[in-house]
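Peer 1: This is the structure I want to talk about, given as structure tokens.
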Amino acid sequence: MFTCVLVALAFSHKQANDLQVKKLNISVYPIDLHFYNRQRVLEQVKPVLPKNKKLIGMPMGEVDVAKMESILGKQLLIEKAEVFTDLSGEINISITQRRPVLRVIRYDGTQFYLDQFGVKIPLSEHYTCKVPIASGNIFERYEKGDSVYSFVGKQLFKIASYVDKHPFYDALIDQIFVRADNELILVPKIGSEVIVFGDVENLEAKFKKLLVFYQEGLNRIGWNHYRSIDLRFEGQVICKK
């Protein structure tokens, strides 16, 4: 009985290997990010495919899906990659792109993204992600695939993560500037004022004060009435004309 099972499995494996590739399905997530598309995925896996052969019509046994998955998984802008085949003759590639929450410009001009997990990822020549930009007194070391580590870097990641999760602030905040004393200045997309945020201590309370001020204050007197809005002091918002 055991021998029969082994023979059946071997026969099934041979059938799968001999099965010809009929279709290649490529899925890229999230769909609102465009670091990768079908063509760019194909460019990455092309070195794995046998030379001078078309993928469609090739025996499944000649396609190294494990190596394809490994190559895609090593790309710094890809969080997760899965490559698998099915018995209908289809190869399926599914990738999840890393989602930036902040674009960082170091003091020396070096630029990179921080993704939603605080991982440093490179910019792309194909696509620019619309996220807040941090600049100024930033000395965070840039090693691709490294996680944020410095005091300023962690402060920036914390505030960017909060902004990313709240549609109002995400629509409002355009830039974050780090002063020489490491305090944070937020620059809105609209209006002429800047927001003096300080550090990220009591972050949620500061953002709630800002929301109330925009809803009840600036909506009445206008968006260009003040030069700065200071959130650093508990229970109050200090404005300068």
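Ordered as shown in the structure tokens, chains take letters A, B, and onward, while each chain numbers its residues from 1 and ligands are numbered from 1 in the order shown.
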Under the rule of at most 12 Å, produce a per-residue listing of region 129-192 of chain A near region 28-40 of chain A: chain, number, name, the closest pair of atoms, and the distance in Å, as JSON lines, using only C-alpha atoms.
Peer 2:
```
{"residue": "A:Cys129", "atom": "CA", "partner": "A:Leu33", "partner_atom": "CA", "distance": 7.4}
{"residue": "A:Lys130", "atom": "CA", "partner": "A:Leu33", "partner_atom": "CA", "distance": 9.7}
{"residue": "A:Val131", "atom": "CA", "partner": "A:Leu33", "partner_atom": "CA", "distance": 11.6}
```
Peer 1: What does the file look like for those residues with N, CA and C atoms, as a short mmCIF file (atom, residue, chain, number, x, y, z; two decimals), in the first residue's frame?
Peer 2:
```cif
data_model
loop_
_atom_site.label_atom_id
_atom_site.label_comp_id
_atom_site.auth_asym_id
_atom_site.auth_seq_id
_atom_site.Cartn_x
_atom_site.Cartn_y
_atom_site.Cartn_z
N CYS A 129 6.17 58.74 -3.97
CA CYS A 129 5.05 58.58 -3.04
C CYS A 129 4.74 59.92 -2.36
N LYS A 130 3.46 60.27 -2.32
CA LYS A 130 3.04 61.55 -1.73
C LYS A 130 2.85 61.38 -0.22
N VAL A 131 3.93 61.62 0.51
CA VAL A 131 3.93 61.56 1.97
C VAL A 131 4.61 62.82 2.49
#
```
Peer 1: Write out as CSV a residue-level contact list of region 181-206 of chain A versus region 147-151 of chain A with cut-off 12 Å: for each qualifying residue the closest pair of atoms and the distance in Å to one decimal, counting only C-alpha atoms, rows sorted by chain and residue number upward.
Peer 2:
```
residue,atom,partner,partner_atom,distance
A:Asn182,CA,A:Phe151,CA,9.0
A:Glu183,CA,A:Phe151,CA,11.3
A:Asp199,CA,A:Phe151,CA,10.4
A:Val200,CA,A:Phe151,CA,10.8
```
Peer 1: Excluding region 132-137 of chain A and any residue of its chain fewer than 4 positions from it, enumerate the residues within 8 Å of it, using only C-alpha atoms, and give them as a list in words.
Peer 2: Val101, Leu102, Arg103, Val104, Ile105, Arg106, Tyr107, Leu156, Ala160, Ile173, Asp174, Gln175, Ile176, Phe177, Val178, Arg179, Ala180 and Asn182 of chain A
Peer 1: Name all residues at most 12 Å from region 204-206 of chain A (count only C-alpha atoms; drop same-chain ones fewer than 6 positions away) and give them as a PyMOL selection string.
Peer 2: chain A and resi 158-159+161-163+165-166+169+195-198+212-213+229-237
Peer 1: With N, CA and C atoms retained, export the selected residues as a compact mmCIF listing (two decimals), in the first residue's frame.
Peer 2:
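Okay, selection09.txt is ready:
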```txt
# COMPACT_ATOMS: atom_id res chain seq x y z
N LYS A 158 7.32 58.52 14.75
CA LYS A 158 6.12 58.50 15.59
C LYS A 158 5.08 59.50 15.10
N ILE A 159 5.53 60.71 14.78
CA ILE A 159 4.59 61.73 14.34
C ILE A 159 4.06 61.41 12.93
N SER A 161 3.70 58.42 11.63
CA SER A 161 2.77 57.29 11.76
C SER A 161 1.41 57.77 12.22
N TYR A 162 1.39 58.72 13.14
CA TYR A 162 0.13 59.25 13.64
C TYR A 162 -0.60 60.00 12.52
N VAL A 163 0.13 60.84 11.81
CA VAL A 163 -0.46 61.60 10.70
C VAL A 163 -1.02 60.65 9.65
N LYS A 165 -2.32 57.78 9.95
CA LYS A 165 -3.52 57.06 10.37
C LYS A 165 -4.75 57.97 10.50
N HIS A 166 -4.58 59.28 10.36
CA HIS A 166 -5.69 60.21 10.55
C HIS A 166 -5.88 61.07 9.30
N TYR A 169 -5.21 65.04 9.39
CA TYR A 169 -3.81 65.46 9.50
C TYR A 169 -3.01 65.04 8.28
N ILE A 195 3.38 75.39 12.35
CA ILE A 195 2.89 74.82 13.60
C ILE A 195 4.10 74.40 14.43
N VAL A 196 4.29 75.05 15.57
CA VAL A 196 5.39 74.71 16.47
C VAL A 196 4.91 73.56 17.34
N PHE A 197 5.44 72.38 17.06
CA PHE A 197 4.94 71.16 17.72
C PHE A 197 5.79 70.77 18.92
N GLY A 198 7.07 71.11 18.90
CA GLY A 198 7.96 70.68 19.98
C GLY A 198 8.38 69.23 19.78
N VAL A 212 -9.14 71.27 17.01
CA VAL A 212 -10.14 72.21 17.56
C VAL A 212 -9.84 73.63 17.08
N PHE A 213 -8.56 74.00 17.09
CA PHE A 213 -8.19 75.35 16.67
C PHE A 213 -8.55 75.60 15.21
N ILE A 229 1.54 78.86 15.03
CA ILE A 229 0.62 78.27 15.99
C ILE A 229 1.46 77.36 16.88
N ASP A 230 1.52 77.67 18.17
CA ASP A 230 2.40 76.96 19.11
C ASP A 230 1.58 76.00 19.97
N LEU A 231 1.88 74.70 19.86
CA LEU A 231 1.14 73.67 20.60
C LEU A 231 1.91 73.12 21.80
N ARG A 232 3.03 73.71 22.14
CA ARG A 232 3.92 73.10 23.12
C ARG A 232 3.41 73.18 24.56
N PHE A 233 2.49 74.07 24.82
CA PHE A 233 2.09 74.31 26.21
C PHE A 233 0.74 73.65 26.50
N GLU A 234 0.68 72.99 27.64
CA GLU A 234 -0.52 72.22 28.01
C GLU A 234 -1.75 73.11 28.15
N GLY A 235 -2.84 72.68 27.53
CA GLY A 235 -4.11 73.35 27.69
C GLY A 235 -4.28 74.65 26.94
N GLN A 236 -3.31 75.02 26.09
CA GLN A 236 -3.44 76.27 25.34
C GLN A 236 -2.75 76.21 23.98
N VAL A 237 -3.21 77.09 23.11
CA VAL A 237 -2.60 77.28 21.81
C VAL A 237 -2.18 78.72 21.70
```
Peer 1: If we count only C-alpha atoms, what is near Asp115 (chain A) at a cut-off of 8 Å, once residues fewer than 3 positions away on the same chain are taken out, given as a VMD selection string?
Peer 2: chain A and resid 98 to 102 118 to 121
Peer 1: Pick the closest to Leu87 (chain A) from A:Asn202, A:Gln20, A:Gln215, A:Ser192: which is it, counting only C-alpha atoms?
Peer 2: A:Gln20
